[in-house]
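Source file protein.csv; content: CSV, C-alpha atoms.
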```
chain,number,residue,atom,x,y,z
Z,1,MET,CA,0.0,0.0,0.0
Z,2,ASN,CA,3.1,2.2,0.1
Z,3,GLN,CA,2.3,3.4,3.6
Z,4,LYS,CA,3.0,2.6,7.2
Z,5,PRO,CA,-0.2,1.5,9.0
Z,6,ALA,CA,-1.2,3.6,11.9
Z,7,VAL,CA,-4.1,4.5,14.2
Z,8,LEU,CA,-4.8,8.2,14.6
Z,9,TRP,CA,-6.8,8.3,17.8
Z,10,PHE,CA,-8.8,11.6,18.1
Z,11,THR,CA,-10.1,12.2,21.6
Z,12,GLY,CA,-12.0,15.1,23.1
Z,13,LEU,CA,-15.4,16.2,24.4
Z,14,SER,CA,-18.6,15.9,22.4
Z,15,GLY,CA,-18.7,18.8,20.0
Z,16,ALA,CA,-15.0,19.4,20.2
Z,17,GLY,CA,-14.5,18.8,16.4
Z,18,LYS,CA,-13.0,15.4,16.4
Z,19,SER,CA,-15.1,14.0,13.5
Z,20,THR,CA,-14.9,17.3,11.5
Z,21,ILE,CA,-11.1,17.3,11.7
Z,22,ALA,CA,-10.9,13.6,11.0
Z,23,ASN,CA,-13.1,13.9,7.9
Z,24,HIS,CA,-10.9,16.7,6.5
Z,25,LEU,CA,-7.8,14.6,7.3
Z,26,GLU,CA,-9.2,11.6,5.6
Z,27,LYS,CA,-9.8,13.6,2.4
Z,28,LEU,CA,-6.2,15.0,2.5
Z,29,LEU,CA,-4.9,11.4,2.9
Z,30,HIS,CA,-7.1,10.1,0.1
Z,31,ASP,CA,-5.9,12.9,-2.1
Z,32,ASP,CA,-2.4,11.8,-1.4
Z,33,GLY,CA,-3.2,8.2,-2.3
Z,34,ARG,CA,-3.3,6.8,1.2
Z,35,HIS,CA,-5.6,4.0,2.2
Z,36,THR,CA,-7.7,4.9,5.2
Z,37,ILE,CA,-10.8,4.1,7.2
Z,38,LEU,CA,-12.7,6.4,9.5
Z,39,LEU,CA,-14.3,5.0,12.7
Z,40,ASP,CA,-16.4,7.4,14.7
Z,41,GLY,CA,-18.9,7.2,17.5
Z,42,ASP,CA,-21.9,7.5,15.2
Z,43,ASN,CA,-21.1,4.8,12.7
Z,44,ILE,CA,-19.9,2.3,15.3
Z,45,ARG,CA,-22.7,2.9,17.9
Z,46,HIS,CA,-25.3,2.1,15.2
Z,47,GLY,CA,-23.8,-1.3,14.4
Z,48,LEU,CA,-21.0,-3.0,16.1
Z,49,ASN,CA,-21.6,-1.4,19.5
Z,50,SER,CA,-25.4,-1.0,19.3
Z,51,ASP,CA,-25.8,-3.3,22.3
Z,52,LEU,CA,-23.8,-0.9,24.6
Z,53,GLY,CA,-25.2,2.0,26.7
Z,54,PHE,CA,-23.3,4.9,28.2
Z,55,ALA,CA,-22.6,3.6,31.7
Z,56,GLU,CA,-18.8,3.6,32.5
Z,57,ALA,CA,-18.4,-0.1,31.9
Z,58,ASP,CA,-20.2,0.2,28.5
Z,59,ARG,CA,-17.9,3.1,27.6
Z,60,VAL,CA,-14.8,1.1,28.4
Z,61,GLU,CA,-16.1,-1.9,26.4
Z,62,ASN,CA,-16.9,0.5,23.5
Z,63,ILE,CA,-13.3,1.6,23.4
Z,64,ARG,CA,-11.9,-1.9,23.9
Z,65,ARG,CA,-13.9,-3.1,20.8
Z,66,ILE,CA,-12.8,-0.1,18.7
Z,67,ALA,CA,-9.2,-0.7,19.7
Z,68,GLU,CA,-9.5,-4.4,18.6
Z,69,VAL,CA,-11.1,-3.4,15.3
Z,70,ALA,CA,-8.4,-0.7,14.7
Z,71,LYS,CA,-5.7,-3.3,15.4
Z,72,LEU,CA,-7.1,-5.6,12.8
Z,73,MET,CA,-7.3,-2.8,10.2
Z,74,THR,CA,-3.7,-1.8,10.8
Z,75,GLU,CA,-2.7,-5.4,10.2
Z,76,ALA,CA,-4.4,-5.1,6.8
Z,77,GLY,CA,-2.2,-2.0,6.2
Z,78,LEU,CA,-4.7,0.8,6.6
Z,79,ILE,CA,-4.4,4.2,8.3
Z,80,VAL,CA,-7.2,4.0,10.8
Z,81,ILE,CA,-8.7,7.3,11.9
Z,82,VAL,CA,-10.6,6.9,15.2
Z,83,ALA,CA,-12.8,9.8,16.4
Z,84,PHE,CA,-14.3,8.9,19.8
Z,85,ILE,CA,-14.7,10.9,23.0
Z,86,SER,CA,-12.9,8.0,24.7
Z,87,PRO,CA,-13.1,9.7,28.1
Z,88,PHE,CA,-11.0,7.4,30.2
Z,89,ARG,CA,-7.2,7.4,30.2
Z,90,SER,CA,-7.1,3.7,31.1
Z,91,ALA,CA,-9.2,2.7,28.0
Z,92,ARG,CA,-7.0,4.8,25.7
Z,93,GLN,CA,-4.0,3.2,27.4
Z,94,PHE,CA,-5.5,-0.2,26.5
Z,95,ALA,CA,-5.6,0.8,22.9
Z,96,LEU,CA,-2.1,2.1,23.0
Z,97,ASP,CA,-0.8,-1.1,24.6
Z,98,LEU,CA,-2.6,-3.2,22.0
Z,99,MET,CA,-0.8,-1.6,19.1
Z,100,GLU,CA,2.8,-2.0,18.0
Z,101,PRO,CA,5.1,0.7,19.4
Z,102,GLY,CA,4.7,4.0,17.6
Z,103,GLU,CA,1.6,2.7,15.7
Z,104,LEU,CA,-1.0,4.6,17.6
Z,105,ILE,CA,-1.0,8.4,17.6
Z,106,GLU,CA,-3.1,10.0,20.4
Z,107,ILE,CA,-4.5,13.3,19.2
Z,108,PHE,CA,-6.2,15.5,21.8
Z,109,VAL,CA,-8.9,17.8,20.2
Z,110,ASP,CA,-8.9,20.4,22.9
Z,111,THR,CA,-12.0,22.5,23.0
Z,112,PRO,CA,-13.2,24.1,26.3
Z,113,LEU,CA,-16.4,22.6,27.7
Z,114,GLU,CA,-18.2,26.0,27.4
Z,115,GLU,CA,-17.5,26.1,23.7
Z,116,CYS,CA,-18.7,22.5,23.2
Z,117,ILE,CA,-21.9,23.4,25.1
Z,118,GLN,CA,-22.4,26.5,22.8
Z,119,ARG,CA,-21.8,24.4,19.7
Z,120,ASP,CA,-23.9,21.5,20.8
Z,121,PRO,CA,-24.4,20.1,17.2
Z,122,LYS,CA,-26.6,17.3,18.3
Z,123,GLY,CA,-28.4,18.9,21.2
Z,124,LEU,CA,-26.9,16.5,23.6
Z,125,TYR,CA,-25.6,19.1,26.1
Z,126,LYS,CA,-29.0,20.7,26.3
Z,127,ARG,CA,-30.5,17.3,27.1
Z,128,ALA,CA,-27.7,16.5,29.6
Z,129,LEU,CA,-28.0,19.8,31.4
Z,130,SER,CA,-31.8,19.4,31.7
Z,131,GLY,CA,-31.3,15.9,33.3
Z,132,GLU,CA,-32.9,14.1,30.4
Z,133,LEU,CA,-29.6,12.5,29.4
Z,134,GLN,CA,-27.5,10.7,32.0
Z,135,ASN,CA,-23.8,9.8,32.1
Z,136,PHE,CA,-22.9,12.5,29.6
Z,137,THR,CA,-19.2,13.2,29.4
Z,138,GLY,CA,-18.2,16.7,30.8
Z,139,ILE,CA,-21.5,17.1,32.6
Z,140,ASP,CA,-22.2,14.2,35.0
Z,141,SER,CA,-19.4,11.9,33.8
Z,142,PRO,CA,-15.7,12.8,33.7
Z,143,TYR,CA,-13.4,13.4,30.8
Z,144,GLU,CA,-9.8,12.6,31.5
Z,145,ALA,CA,-7.7,14.7,29.1
Z,146,PRO,CA,-4.6,13.1,27.8
Z,147,GLU,CA,-1.5,13.9,29.8
Z,148,ARG,CA,1.0,13.7,26.9
Z,149,PRO,CA,-0.8,13.4,23.6
Z,150,GLU,CA,1.4,13.2,20.5
Z,151,LEU,CA,-0.6,16.0,19.0
Z,152,HIS,CA,-2.6,18.6,20.8
Z,153,LEU,CA,-5.0,20.4,18.6
Z,154,ARG,CA,-6.5,23.6,20.0
Z,155,THR,CA,-9.7,24.4,18.1
Z,156,MET,CA,-10.1,27.9,19.5
Z,157,VAL,CA,-7.0,29.0,17.6
Z,158,ALA,CA,-7.3,27.2,14.3
Z,159,ASP,CA,-10.1,26.0,12.1
Z,160,PRO,CA,-10.7,22.3,11.3
Z,161,VAL,CA,-9.1,22.4,7.8
Z,162,HIS,CA,-5.8,23.8,9.3
Z,163,LEU,CA,-5.8,21.4,12.1
Z,164,ALA,CA,-6.2,18.5,9.7
Z,165,GLN,CA,-3.3,19.9,7.7
Z,166,GLU,CA,-1.3,20.0,10.9
Z,167,VAL,CA,-2.0,16.3,11.5
Z,168,GLU,CA,-1.1,15.5,7.9
Z,169,THR,CA,2.2,17.4,8.2
Z,170,PHE,CA,3.0,15.4,11.4
Z,171,LEU,CA,2.3,12.1,9.6
Z,172,ARG,CA,4.5,13.0,6.7
Z,173,GLY,CA,7.5,13.3,9.0
Z,174,LYS,CA,6.7,10.2,10.9
Z,175,PHE,CA,5.0,7.7,8.6
Z,176,TYR,CA,5.7,8.5,4.9
```
Can the structure from this file be put into structure tokens for me?
Amino acid sequence: MNQKPAVLWFTGLSGAGKSTIANHLEKLLHDDGRHTILLDGDNIRHGLNSDLGFAEADRVENIRRIAEVAKLMTEAGLIVIVAFISPFRSARQFALDLMEPGELIEIFVDTPLEECIQRDPKGLYKRALSGELQNFTGIDSPYEAPERPELHLRTMVADPVHLAQEVETFLRGKFY
């Protein structure tokens, strides 16, 4: 495939911009002839993980399954773009430990909670703040930000297109 397989693991709050940046990145990589697949919370929760809820144990299992799928896809030679809240450090560490050294790149999409609440693209914060939605990350369930992500994307200082270009530049130096 003329590429080194990798997992690009985007983590951040709901509404931070993970999927938006990941979609722009996937287009850049495709334009460069790279073979990718994008896994995000929406497409996985409707199929593979439709049996899981949002309690802490279910969230951990959700990420465990995603990590296992991502591992299989890297073994097939793909660049796997993962865009999940993945709120717990221990679950992200499981994913990291599952991969070959240097194969998983943790990317923190850093957007302040207040901004995510204002964006609220799916109306989830409104529902969580009203008590209608339980176990919502950032409201009544914790988000443990990465302590040392390989990439730290700050959405308040750059738009998604530029942040995707920043990730692509990083990959060029590391993978191809």
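Considering the residues Z:Glu100, Z:Glu166, Z:Glu56, Z:Glu75 and counting all atoms listed in the file, Tyr143 in chain Z has its shortest atom-to-atom contact with Z:Glu56.
Between Ile79 in chain Z and the residues Z:Gly53, Z:Pro5, Z:Gly47, Z:Gly138, the shortest atom-to-atom distance, using all atoms listed in the file, involves Z:Pro5.
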Give me, as a tab-separated table, each residue of range 5-60 of chain Z that comes within 9 Å of range 123-137 of chain Z, together with its shortest interatomic pair and the distance in Å at one decimal, counting only C-alpha atoms, with rows ordered by chain and rising residue number.
```
residue	atom	partner	partner_atom	distance
Z:Leu13	CA	Z:Thr137	CA	7.0
Z:Ser14	CA	Z:Thr137	CA	7.5
Z:Phe54	CA	Z:Asn135	CA	6.3
Z:Ala55	CA	Z:Asn135	CA	6.3
Z:Glu56	CA	Z:Asn135	CA	8.0
```
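Relative to CA of Gly12 in chain Z, CA of Thr111 in chain Z is found at 7.4 Å.
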*With all atoms listed in the file as the atoms that count, which of Z:Ala83, Z:Leu98, Z:Ala164, Z:Ile44 lies nearest to Lys18 in chain Z?*
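Smallest separation from Lys18 in chain Z among the options: Z:Ala83.
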Show which residues sit within 6 Å of Asp110 in chain Z, as a short mmCIF file (atom, residue, chain, number, x, y, z; two decimals) with C-alpha atoms, in the coordinates of the input. Count only C-alpha atoms, and ignore same-chain residues fewer than 2 positions away.
```
data_model
loop_
_atom_site.label_atom_id
_atom_site.label_comp_id
_atom_site.auth_asym_id
_atom_site.auth_seq_id
_atom_site.Cartn_x
_atom_site.Cartn_y
_atom_site.Cartn_z
CA PHE Z 108 -6.20 15.50 21.80
CA LEU Z 153 -5.00 20.40 18.60
CA ARG Z 154 -6.50 23.60 20.00
#
```
*asked:* Can you pull out the residues contacting Cys116 in chain Z? Cut-off 6 Å, using all atoms listed in the file, and skip same-chain residues under 3 positions away; I want them as an NGL selection string.
replied: :Z and (15-16 or 113 or 119-120)
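Pairwise distance (CA of Val167 in chain Z, CA of Leu48 in chain Z) equals 27.5 Å.
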*With distances taken over only C-alpha atoms, which of Z:Leu78, Z:Leu29, Z:Leu96, Z:Met1 is nearest to Gln165 in chain Z?*
Z:Leu29
Set out as a tab-separated table a contact list for range 68-131 of chain Z and range 145-152 of chain Z with a cut-off of 8 Å, giving each residue of range 68-131 of chain Z that qualifies its closest atom pair and distance in Å to one decimal, counting only C-alpha atoms, ordered by chain and rising residue number.
```
residue	atom	partner	partner_atom	distance
Z:Pro87	CA	Z:Ala145	CA	7.4
Z:Arg89	CA	Z:Pro146	CA	6.7
Z:Ile105	CA	Z:Glu150	CA	6.1
Z:Glu106	CA	Z:Pro149	CA	5.2
Z:Ile107	CA	Z:Leu151	CA	4.7
Z:Phe108	CA	Z:His152	CA	4.9
Z:Val109	CA	Z:His152	CA	6.4
Z:Asp110	CA	Z:His152	CA	6.9
```
*Write out as a list in words each polymer residue whose atoms come within 7 Å of Glu103 in chain Z, counting only C-alpha atoms; drop sequence neighbours fewer than 3 positions from it.*
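These residues fall inside the cut-off: Ala6, Val7, Met99 and Glu100 of chain Z.
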*Interatomic distance, CA of Asp140 in chain Z to CA of Ala22 in chain Z (Å, one decimal)*: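 About the pair CA of Asp140 in chain Z and CA of Ala22 in chain Z: they are 26.5 Å apart.
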*Select, from Z:Arg45, Z:Lys122, Z:His162, Z:Arg34, the residue with the minimum atom-to-atom distance to Lys4 in chain Z, counting all atoms listed in the file.*
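Between Z:Arg45, Z:Lys122, Z:His162, Z:Arg34, the residue approaching Lys4 in chain Z most closely is Z:Arg34.
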*Selected residue, from Z:Ser141, Z:Ile37, Z:Gly17, Z:Phe170, that lies nearest to Pro112 in chain Z when counting all atoms listed in the file*: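 Of all the options, Z:Gly17 lies closest to Pro112 in chain Z.
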Would you save range 27-97 of chain Z to a file, keeping C-alpha atoms, as a PDB file, in the first residue's frame?
```pdb
ATOM      1  CA  LYS Z  27      -9.834  13.635   2.427  1.00  0.00           C
ATOM      2  CA  LEU Z  28      -6.248  14.955   2.527  1.00  0.00           C
ATOM      3  CA  LEU Z  29      -4.875  11.442   2.939  1.00  0.00           C
ATOM      4  CA  HIS Z  30      -7.055  10.060   0.126  1.00  0.00           C
ATOM      5  CA  ASP Z  31      -5.927  12.893  -2.140  1.00  0.00           C
ATOM      6  CA  ASP Z  32      -2.366  11.764  -1.378  1.00  0.00           C
ATOM      7  CA  GLY Z  33      -3.168   8.173  -2.336  1.00  0.00           C
ATOM      8  CA  ARG Z  34      -3.341   6.811   1.220  1.00  0.00           C
ATOM      9  CA  HIS Z  35      -5.629   3.959   2.211  1.00  0.00           C
ATOM     10  CA  THR Z  36      -7.725   4.893   5.237  1.00  0.00           C
ATOM     11  CA  ILE Z  37     -10.833   4.084   7.170  1.00  0.00           C
ATOM     12  CA  LEU Z  38     -12.651   6.422   9.536  1.00  0.00           C
ATOM     13  CA  LEU Z  39     -14.306   5.039  12.657  1.00  0.00           C
ATOM     14  CA  ASP Z  40     -16.393   7.440  14.700  1.00  0.00           C
ATOM     15  CA  GLY Z  41     -18.905   7.188  17.498  1.00  0.00           C
ATOM     16  CA  ASP Z  42     -21.901   7.536  15.237  1.00  0.00           C
ATOM     17  CA  ASN Z  43     -21.062   4.841  12.705  1.00  0.00           C
ATOM     18  CA  ILE Z  44     -19.897   2.333  15.332  1.00  0.00           C
ATOM     19  CA  ARG Z  45     -22.694   2.905  17.861  1.00  0.00           C
ATOM     20  CA  HIS Z  46     -25.327   2.105  15.206  1.00  0.00           C
ATOM     21  CA  GLY Z  47     -23.813  -1.281  14.372  1.00  0.00           C
ATOM     22  CA  LEU Z  48     -20.955  -3.035  16.107  1.00  0.00           C
ATOM     23  CA  ASN Z  49     -21.609  -1.444  19.493  1.00  0.00           C
ATOM     24  CA  SER Z  50     -25.387  -0.972  19.316  1.00  0.00           C
ATOM     25  CA  ASP Z  51     -25.755  -3.262  22.335  1.00  0.00           C
ATOM     26  CA  LEU Z  52     -23.830  -0.869  24.600  1.00  0.00           C
ATOM     27  CA  GLY Z  53     -25.208   1.964  26.692  1.00  0.00           C
ATOM     28  CA  PHE Z  54     -23.342   4.875  28.236  1.00  0.00           C
ATOM     29  CA  ALA Z  55     -22.555   3.610  31.729  1.00  0.00           C
ATOM     30  CA  GLU Z  56     -18.832   3.614  32.537  1.00  0.00           C
ATOM     31  CA  ALA Z  57     -18.445  -0.142  31.922  1.00  0.00           C
ATOM     32  CA  ASP Z  58     -20.150   0.183  28.526  1.00  0.00           C
ATOM     33  CA  ARG Z  59     -17.921   3.089  27.553  1.00  0.00           C
ATOM     34  CA  VAL Z  60     -14.827   1.077  28.435  1.00  0.00           C
ATOM     35  CA  GLU Z  61     -16.124  -1.886  26.401  1.00  0.00           C
ATOM     36  CA  ASN Z  62     -16.924   0.455  23.493  1.00  0.00           C
ATOM     37  CA  ILE Z  63     -13.322   1.638  23.359  1.00  0.00           C
ATOM     38  CA  ARG Z  64     -11.948  -1.895  23.857  1.00  0.00           C
ATOM     39  CA  ARG Z  65     -13.892  -3.076  20.803  1.00  0.00           C
ATOM     40  CA  ILE Z  66     -12.788  -0.083  18.746  1.00  0.00           C
ATOM     41  CA  ALA Z  67      -9.165  -0.727  19.666  1.00  0.00           C
ATOM     42  CA  GLU Z  68      -9.470  -4.371  18.612  1.00  0.00           C
ATOM     43  CA  VAL Z  69     -11.055  -3.405  15.275  1.00  0.00           C
ATOM     44  CA  ALA Z  70      -8.407  -0.722  14.699  1.00  0.00           C
ATOM     45  CA  LYS Z  71      -5.679  -3.295  15.373  1.00  0.00           C
ATOM     46  CA  LEU Z  72      -7.148  -5.650  12.764  1.00  0.00           C
ATOM     47  CA  MET Z  73      -7.324  -2.830  10.245  1.00  0.00           C
ATOM     48  CA  THR Z  74      -3.694  -1.823  10.795  1.00  0.00           C
ATOM     49  CA  GLU Z  75      -2.727  -5.450  10.237  1.00  0.00           C
ATOM     50  CA  ALA Z  76      -4.413  -5.068   6.835  1.00  0.00           C
ATOM     51  CA  GLY Z  77      -2.181  -2.040   6.152  1.00  0.00           C
ATOM     52  CA  LEU Z  78      -4.684   0.775   6.637  1.00  0.00           C
ATOM     53  CA  ILE Z  79      -4.350   4.153   8.293  1.00  0.00           C
ATOM     54  CA  VAL Z  80      -7.201   4.005  10.790  1.00  0.00           C
ATOM     55  CA  ILE Z  81      -8.700   7.304  11.872  1.00  0.00           C
ATOM     56  CA  VAL Z  82     -10.581   6.897  15.156  1.00  0.00           C
ATOM     57  CA  ALA Z  83     -12.768   9.766  16.407  1.00  0.00           C
ATOM     58  CA  PHE Z  84     -14.280   8.933  19.795  1.00  0.00           C
ATOM     59  CA  ILE Z  85     -14.736  10.853  23.004  1.00  0.00           C
ATOM     60  CA  SER Z  86     -12.904   7.965  24.725  1.00  0.00           C
ATOM     61  CA  PRO Z  87     -13.130   9.729  28.080  1.00  0.00           C
ATOM     62  CA  PHE Z  88     -11.005   7.419  30.243  1.00  0.00           C
ATOM     63  CA  ARG Z  89      -7.205   7.374  30.155  1.00  0.00           C
ATOM     64  CA  SER Z  90      -7.143   3.691  31.091  1.00  0.00           C
ATOM     65  CA  ALA Z  91      -9.226   2.739  28.036  1.00  0.00           C
ATOM     66  CA  ARG Z  92      -7.009   4.823  25.740  1.00  0.00           C
ATOM     67  CA  GLN Z  93      -3.970   3.177  27.356  1.00  0.00           C
ATOM     68  CA  PHE Z  94      -5.460  -0.245  26.533  1.00  0.00           C
ATOM     69  CA  ALA Z  95      -5.645   0.811  22.877  1.00  0.00           C
ATOM     70  CA  LEU Z  96      -2.079   2.090  22.984  1.00  0.00           C
ATOM     71  CA  ASP Z  97      -0.808  -1.130  24.563  1.00  0.00           C
TER      72      ASP Z  97
END
```
